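Asker: Please see the structure below; I have some questions.
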Amino acid sequence: MNGKEYVAKLMSDLKAKNPAEPEFHQAVQEVAESLTLVLARHPEYVHAKILERITEPERVVMFRVPWTDDAGRVQINRGFRIEMNSAIGPYKGGLRFHPSVNLGILKFLAFEQVFKNSLTTLPMGGGKGGSDFDPKGKSDAEVMRFCQSFMIELQRHIGPNTDVPAGDIGVGGREIGFLFGQYKRIANEFTGVLTGKGMNWGGSRIRPEATGYGAVYFAREMLATRGQSLEGKICLVSGSGNVAQYSVEKLLEFGAKTVTLSDSSGHIYDPDGIDREKLEWVMELKNVRRGRISEYAETFKSATFVPVAAAADHNALWAHKADCAFPSATQNEINGTDARNLLEHGIEVVAEGANMPTTIDGVNMFLEARILYGPGKAANAGGVAVSGLEMAQNSMRFGWTREEVDHRLQVIIRDIHQACVEVADRFGTPGNYVNGANIAGFLKVADAMLDQGVV
Ligand code: NDP
Ligand code: 2IT
């Protein structure tokens, strides 16, 4: 069997065994295609069935989460934790609370996390979890009761040396606080069992900023390969949550101008740019008042709000002219049409703050156009990297300064970028960060799996 046939068989078996999980199929397909380059040179991975094993979670936990709302009604959600791979360290990855959450989405995220965590150079395996619970419109007391109920089950499966969850969509500082409080109460232990903790109770400096800052640092590294910088660049950022906010903050610091933000209702376009004052306003809107991004255009007259068009085949945010794009909302937010729109308007850089925001045809268009395309597992690895640094600080019972953590984050991102460039070169596809990230992330995990036998 040649590489192409091997991947075709792997995919047809995977789809038969895991039906109705399109995002998981998509994530595996992209990695497996990169790995055809590796398998030809390394038959030992084929013999040991590394790909077949790496696509099968080590453990999946699925559970009922009952809670009562403020009106006293009983509510039921579904909770999950996917423990994907522990070859190089304890399972590590975020929790997502969003009504769209299902097994297939969390498996795609856990799969991506395995390679991403390997790229960070830190000893972390891969996992992901969450619930179809929707925090939107819920009171703090409802969110707390939900988190407490969720943790009553999750606590059996996690631990600082076993599995260390963190935040993702719908899970920020507030939720991590409620989850940590309940874990501590049940386990009667104060340990670093979650990351993204508050600064007074074991959190790391720069963890809230890390994913957005990291994506911008990654873009800086990519631009440097062409002798350019972010200074003066026009940037499109999607989302308006954790990753989007800190991407805009770092872009401002580097002299770039961000002209968009979004949420699931639509996007704002502000040709004057989102300055520090406007960004501060967005942070208050989203993190404190938990409002909608449409209010931005009501407050700042330079901006227009464009609602999501129900039947549209594209996302209007990506049709604005810009130099750089930082998709920071969710998976598959850039399809083939969006990629074409970006390319037609001269996009030079795409750095993915979100996980798998670009469909496979969109990815292929970016690669063919030879723009600087940084896939999520490399470009957004700063978040989990600083989670790894939070674990290290918790183990030492010590905390580093902002400068120390930020310096380490920059070094890690530089090393990830370097690894992507070198590995893409070594496997005959220079400048292809998709192959670079997939292969570099894979080799370390695959070799650890070989060393550890058939487990
Ligand atoms: P937040 O919950 O803070 O923000 C998510 C943002 O994306 C919101 O503006 C939200 O809008 C929007 N969004 C979410 N789902 C959809 C959807 N289905 N369609 C349109 N817009 C949507 O999450 P984060 O900023 O933490 O996460 C954003 C992305 O970054 C995700 O892909 C996540 O997996 C990834 N990521 C996050 C990391 C982290 O450390 N937090 C680390 C690495 C990657 P609305 O309010 O309307 O839902
Ligand atoms: O997708 C991700 O890397 C995250 N949501 C962060 C995971 C973590 O453990 O910090």
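How things are named: the first chain in the structure tokens is A, the next is B, and so on; residues count from 1 in each chain; ligands count from 1 in the order shown.
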Counting only C-alpha atoms, what is within 12 Å of region 311-321 of chain A, bar same-chain residues fewer than 4 positions away, as a ChimeraX atom specification?

Answerer: /A:233-239,258-271,304-307,325-327,329,332-348,350,357-358,362

Asker: Could you make a table, as CSV, of the residues of chain A that have an atom within 7 Å of an atom of ligand 1, each with its nearest atom pair and distance in Å to one decimal, counting only C-alpha atoms and all ligand atoms, in chain and number order?

Answerer:
```
residue,atom,partner,partner_atom_place_in_ligand_line,distance
A:Gly167,CA,ligand 1,41 (N),5.5
A:Asp168,CA,ligand 1,41 (N),4.3
A:Ile169,CA,ligand 1,2 (O),3.4
A:Gly170,CA,ligand 1,2 (O),3.9
A:Val171,CA,ligand 1,2 (O),6.3
A:Gly172,CA,ligand 1,3 (O),6.7
A:Ala210,CA,ligand 1,40 (O),7.0
A:Thr211,CA,ligand 1,40 (O),5.2
A:Gly239,CA,ligand 1,9 (O),3.8
A:Ser240,CA,ligand 1,9 (O),3.9
A:Gly241,CA,ligand 1,4 (O),3.3
A:Asn242,CA,ligand 1,25 (O),3.7
A:Val243,CA,ligand 1,25 (O),3.9
A:Ala244,CA,ligand 1,25 (O),5.9
A:Ser262,CA,ligand 1,9 (O),5.9
A:Asp263,CA,ligand 1,11 (O),3.5
A:Ser264,CA,ligand 1,20 (C),3.6
A:Ser265,CA,ligand 1,47 (O),5.8
A:Ser328,CA,ligand 1,29 (C),4.9
A:Ala329,CA,ligand 1,7 (O),3.4
A:Thr330,CA,ligand 1,32 (O),3.9
A:Gln331,CA,ligand 1,32 (O),5.8
A:Gly353,CA,ligand 1,30 (O),5.3
A:Ala354,CA,ligand 1,30 (O),3.5
A:Asn355,CA,ligand 1,32 (O),4.3
A:Pro357,CA,ligand 1,32 (O),6.9
A:Asn380,CA,ligand 1,43 (C),5.0
A:Ala381,CA,ligand 1,43 (C),6.2
A:Gly383,CA,ligand 1,40 (O),4.5
A:Val384,CA,ligand 1,42 (C),6.2
```

Asker: Pick out the residues sitting within 8 Å of region 272-283 of chain A, and hand them over as a VMD selection string; count only C-alpha atoms, and ignore anything fewer than 2 positions along from it in its own chain.

Answerer: chain A and resid 240 245 248 to 249 252 257 to 260 270 285 to 288 293 296 302 to 303

Asker: Residues of region 226-430 of chain A in helix (DSSP H, G or I) according to DSSP, as a PyMOL selection string?

Answerer: chain A and resi 242-253+276-288+294-299+316-319+336-344+360-369+376-379+381-396+402-426

Asker: If we count only C-alpha atoms, what is near Asn2 (chain A) at a cut-off of 10 Å, once residues fewer than 6 positions away on the same chain are taken out, given as a list of chain:residue names?

Answerer: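 Here the qualifying residues turn out to be A:Thr36, A:Leu39, A:Ala40.
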
Asker: Using DSSP assignments from the backbone, pull out every residue in region 34-128 of chain A that falls under strand (DSSP E) and give it to me as a short mmCIF file (atom, residue, chain, number, x, y, z; two decimals) with N, CA and C atoms, in the first residue's frame.

Answerer:
```cif
data_model
loop_
_atom_site.label_atom_id
_atom_site.label_comp_id
_atom_site.auth_asym_id
_atom_site.auth_seq_id
_atom_site.Cartn_x
_atom_site.Cartn_y
_atom_site.Cartn_z
N ARG A 59 -9.52 7.13 26.37
CA ARG A 59 -10.73 6.98 27.21
C ARG A 59 -11.71 8.10 26.86
N VAL A 60 -13.00 7.78 26.85
CA VAL A 60 -14.05 8.81 26.67
C VAL A 60 -15.02 8.70 27.83
N VAL A 61 -15.25 9.80 28.51
CA VAL A 61 -16.23 9.81 29.61
C VAL A 61 -17.39 10.70 29.19
N MET A 62 -18.61 10.18 29.34
CA MET A 62 -19.80 10.93 28.93
C MET A 62 -20.78 10.80 30.08
N PHE A 63 -21.34 11.91 30.53
CA PHE A 63 -22.13 11.83 31.77
C PHE A 63 -23.27 12.85 31.81
N ARG A 64 -24.23 12.53 32.67
CA ARG A 64 -25.39 13.39 32.88
C ARG A 64 -25.02 14.51 33.84
N VAL A 65 -25.46 15.74 33.50
CA VAL A 65 -25.22 16.88 34.40
C VAL A 65 -26.57 17.52 34.74
N PRO A 66 -27.17 17.10 35.84
CA PRO A 66 -28.45 17.70 36.24
C PRO A 66 -28.23 18.93 37.13
N TRP A 67 -29.06 19.93 36.98
CA TRP A 67 -28.95 21.13 37.82
C TRP A 67 -30.30 21.83 37.84
N THR A 68 -30.49 22.75 38.78
CA THR A 68 -31.77 23.47 38.80
C THR A 68 -31.55 24.93 38.46
N VAL A 74 -35.85 21.69 36.82
CA VAL A 74 -34.72 20.78 36.63
C VAL A 74 -34.23 20.89 35.19
N GLN A 75 -32.92 20.99 35.01
CA GLN A 75 -32.30 21.06 33.68
C GLN A 75 -31.30 19.91 33.57
N ILE A 76 -31.19 19.36 32.37
CA ILE A 76 -30.24 18.26 32.14
C ILE A 76 -29.33 18.64 30.98
N ASN A 77 -28.03 18.55 31.21
CA ASN A 77 -27.07 18.68 30.11
C ASN A 77 -26.21 17.44 30.04
N ARG A 78 -25.42 17.38 28.99
CA ARG A 78 -24.51 16.25 28.83
C ARG A 78 -23.08 16.73 29.01
N GLY A 79 -22.31 16.01 29.80
CA GLY A 79 -20.91 16.36 30.02
C GLY A 79 -20.00 15.34 29.35
N PHE A 80 -18.79 15.79 28.99
CA PHE A 80 -17.83 14.91 28.29
C PHE A 80 -16.41 15.20 28.78
N ARG A 81 -15.57 14.20 28.76
CA ARG A 81 -14.13 14.41 28.78
C ARG A 81 -13.51 13.36 27.87
N ILE A 82 -12.76 13.84 26.88
CA ILE A 82 -12.06 12.94 25.96
C ILE A 82 -10.60 12.89 26.38
N GLU A 83 -10.12 11.75 26.85
CA GLU A 83 -8.71 11.60 27.21
C GLU A 83 -8.04 10.92 26.01
N MET A 84 -7.45 11.74 25.16
CA MET A 84 -7.05 11.28 23.83
C MET A 84 -5.73 10.54 23.84
N ASN A 85 -4.71 11.17 24.42
CA ASN A 85 -3.37 10.57 24.33
C ASN A 85 -2.51 11.05 25.49
N TYR A 91 -3.05 14.09 30.34
CA TYR A 91 -4.00 14.70 29.40
C TYR A 91 -4.12 16.18 29.74
N LYS A 92 -4.18 17.01 28.72
CA LYS A 92 -4.26 18.47 28.95
C LYS A 92 -5.07 19.08 27.83
N GLY A 93 -6.02 19.91 28.18
CA GLY A 93 -6.82 20.60 27.18
C GLY A 93 -8.05 21.20 27.82
N GLY A 94 -8.70 22.08 27.07
CA GLY A 94 -9.77 22.90 27.62
C GLY A 94 -11.10 22.21 27.76
N LEU A 95 -12.03 22.96 28.37
CA LEU A 95 -13.44 22.58 28.45
C LEU A 95 -14.23 23.61 27.65
N ARG A 96 -15.15 23.15 26.81
CA ARG A 96 -16.00 24.05 26.03
C ARG A 96 -17.44 23.91 26.49
N PHE A 97 -18.06 25.03 26.85
CA PHE A 97 -19.50 25.04 27.15
C PHE A 97 -20.20 25.80 26.03
N GLY A 126 -2.84 14.98 25.39
CA GLY A 126 -3.96 15.73 24.83
C GLY A 126 -5.31 15.28 25.33
N GLY A 127 -6.18 16.24 25.61
CA GLY A 127 -7.56 15.94 26.00
C GLY A 127 -8.45 17.13 25.73
N LYS A 128 -9.73 16.93 25.84
CA LYS A 128 -10.69 18.04 25.69
C LYS A 128 -11.99 17.60 26.32
#
```

Asker: Counting only C-alpha atoms and all ligand atoms, figure out which residue out of A:Cys420, A:Ala187, A:Leu119, A:Val455 gets nearest to ligand 2.

Answerer: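 Comparing A:Cys420, A:Ala187, A:Leu119, A:Val455 against ligand 2, the winner is A:Leu119.
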
Asker: Near region 43-47 of chain A, counting only C-alpha atoms, which residues have an atom at most 8 Å away, once you skip same-chain residues fewer than 4 positions from it, shown as a ChimeraX atom specification?

Answerer: /A:39,51,446,450

Asker: Go through A:Leu389, A:Val216, A:Met1, A:Ala224 and flag the residue nearest ligand 2, using only C-alpha atoms and all ligand atoms for the distances.

Answerer: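 The answer is A:Leu389, which sits nearest to ligand 2.
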
Asker: Restricting the calculation to only C-alpha atoms, which member of A:Phe398, A:Tyr246, A:Trp201, A:Phe254 is positioned closest to Gly214 (chain A)?

Answerer: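 Of A:Phe398, A:Tyr246, A:Trp201, A:Phe254, the one nearest Gly214 (chain A), counting only C-alpha atoms, is A:Tyr246.
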
Asker: Could you please determine the separation between CA of Ile206 (chain A) and CA of Glu404 (chain A) in Å, to one decimal place?

Answerer: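 Interatomic distance here is 9.7 Å.
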
Asker: Which residues are close to His407 (chain A), i.e. within 12 Å by only C-alpha atoms, leaving aside same-chain residues fewer than 2 positions away? Reply as a PyMOL selection string.

Answerer: chain A and resi 205-206+210+213-214+217+382+386+389+400-405+409-414

Asker: Could you save those same residues with N, CA and C atoms as a PDB file, in the first residue's frame?

Answerer:
```
ATOM      1  N   ARG A 205       0.455  34.354  35.667  1.00  0.00           N
ATOM      2  CA  ARG A 205       0.410  35.617  34.936  1.00  0.00           C
ATOM      3  C   ARG A 205       0.450  35.300  33.440  1.00  0.00           C
ATOM      4  N   ILE A 206      -0.244  36.141  32.642  1.00  0.00           N
ATOM      5  CA  ILE A 206      -0.247  36.045  31.171  1.00  0.00           C
ATOM      6  C   ILE A 206      -1.098  34.874  30.651  1.00  0.00           C
ATOM      7  N   ALA A 210      -2.541  34.690  26.858  1.00  0.00           N
ATOM      8  CA  ALA A 210      -1.543  33.880  26.151  1.00  0.00           C
ATOM      9  C   ALA A 210      -1.934  33.436  24.748  1.00  0.00           C
ATOM     10  N   TYR A 213      -1.989  36.667  22.417  1.00  0.00           N
ATOM     11  CA  TYR A 213      -0.606  37.148  22.264  1.00  0.00           C
ATOM     12  C   TYR A 213       0.189  36.149  21.407  1.00  0.00           C
ATOM     13  N   GLY A 214       0.004  34.867  21.704  1.00  0.00           N
ATOM     14  CA  GLY A 214       0.771  33.832  21.000  1.00  0.00           C
ATOM     15  C   GLY A 214       0.481  33.837  19.502  1.00  0.00           C
ATOM     16  N   TYR A 217       2.345  36.699  18.103  1.00  0.00           N
ATOM     17  CA  TYR A 217       3.784  36.381  18.053  1.00  0.00           C
ATOM     18  C   TYR A 217       4.080  35.429  16.892  1.00  0.00           C
ATOM     19  N   GLY A 382       0.051  29.072  22.139  1.00  0.00           N
ATOM     20  CA  GLY A 382       0.504  29.892  23.268  1.00  0.00           C
ATOM     21  C   GLY A 382      -0.361  29.715  24.505  1.00  0.00           C
ATOM     22  N   VAL A 386       1.193  28.354  28.068  1.00  0.00           N
ATOM     23  CA  VAL A 386       1.220  29.031  29.367  1.00  0.00           C
ATOM     24  C   VAL A 386       0.449  28.219  30.410  1.00  0.00           C
ATOM     25  N   LEU A 389       3.062  26.193  31.711  1.00  0.00           N
ATOM     26  CA  LEU A 389       3.892  26.979  32.647  1.00  0.00           C
ATOM     27  C   LEU A 389       3.164  27.171  33.981  1.00  0.00           C
ATOM     28  N   TRP A 400       6.038  33.034  38.656  1.00  0.00           N
ATOM     29  CA  TRP A 400       6.943  33.912  37.910  1.00  0.00           C
ATOM     30  C   TRP A 400       6.286  35.266  37.675  1.00  0.00           C
ATOM     31  N   THR A 401       7.116  36.252  37.353  1.00  0.00           N
ATOM     32  CA  THR A 401       6.599  37.593  37.016  1.00  0.00           C
ATOM     33  C   THR A 401       5.992  37.569  35.618  1.00  0.00           C
ATOM     34  N   ARG A 402       5.248  38.618  35.308  1.00  0.00           N
ATOM     35  CA  ARG A 402       4.691  38.817  33.963  1.00  0.00           C
ATOM     36  C   ARG A 402       5.782  38.748  32.893  1.00  0.00           C
ATOM     37  N   GLU A 403       6.872  39.422  33.172  1.00  0.00           N
ATOM     38  CA  GLU A 403       7.956  39.483  32.181  1.00  0.00           C
ATOM     39  C   GLU A 403       8.533  38.093  31.933  1.00  0.00           C
ATOM     40  N   GLU A 404       8.699  37.334  33.026  1.00  0.00           N
ATOM     41  CA  GLU A 404       9.275  35.987  32.910  1.00  0.00           C
ATOM     42  C   GLU A 404       8.354  35.087  32.060  1.00  0.00           C
ATOM     43  N   VAL A 405       7.045  35.116  32.363  1.00  0.00           N
ATOM     44  CA  VAL A 405       6.125  34.243  31.632  1.00  0.00           C
ATOM     45  C   VAL A 405       6.031  34.682  30.166  1.00  0.00           C
ATOM     46  N   LEU A 409       6.856  32.514  26.898  1.00  0.00           N
ATOM     47  CA  LEU A 409       5.861  32.338  25.835  1.00  0.00           C
ATOM     48  C   LEU A 409       6.478  32.692  24.475  1.00  0.00           C
ATOM     49  N   GLN A 410       7.190  33.802  24.427  1.00  0.00           N
ATOM     50  CA  GLN A 410       7.782  34.216  23.146  1.00  0.00           C
ATOM     51  C   GLN A 410       8.818  33.206  22.660  1.00  0.00           C
ATOM     52  N   VAL A 411       9.595  32.659  23.597  1.00  0.00           N
ATOM     53  CA  VAL A 411      10.609  31.657  23.216  1.00  0.00           C
ATOM     54  C   VAL A 411       9.908  30.395  22.686  1.00  0.00           C
ATOM     55  N   ILE A 412       8.835  29.971  23.376  1.00  0.00           N
ATOM     56  CA  ILE A 412       8.119  28.759  22.940  1.00  0.00           C
ATOM     57  C   ILE A 412       7.537  28.968  21.538  1.00  0.00           C
ATOM     58  N   ILE A 413       6.917  30.120  21.298  1.00  0.00           N
ATOM     59  CA  ILE A 413       6.324  30.379  19.971  1.00  0.00           C
ATOM     60  C   ILE A 413       7.426  30.425  18.897  1.00  0.00           C
ATOM     61  N   ARG A 414       8.560  31.031  19.247  1.00  0.00           N
ATOM     62  CA  ARG A 414       9.660  31.084  18.278  1.00  0.00           C
ATOM     63  C   ARG A 414      10.128  29.659  17.960  1.00  0.00           C
TER      64      ARG A 414
END
```

Asker: Just want the 8 Å neighbourhood of His25 (chain A), counted on only C-alpha atoms, with same-chain residues fewer than 5 positions away dropped. Output as a list in words.

Answerer: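 Residues meeting the cut-off are Met11, Leu14, Lys15 and Phe108 of chain A.
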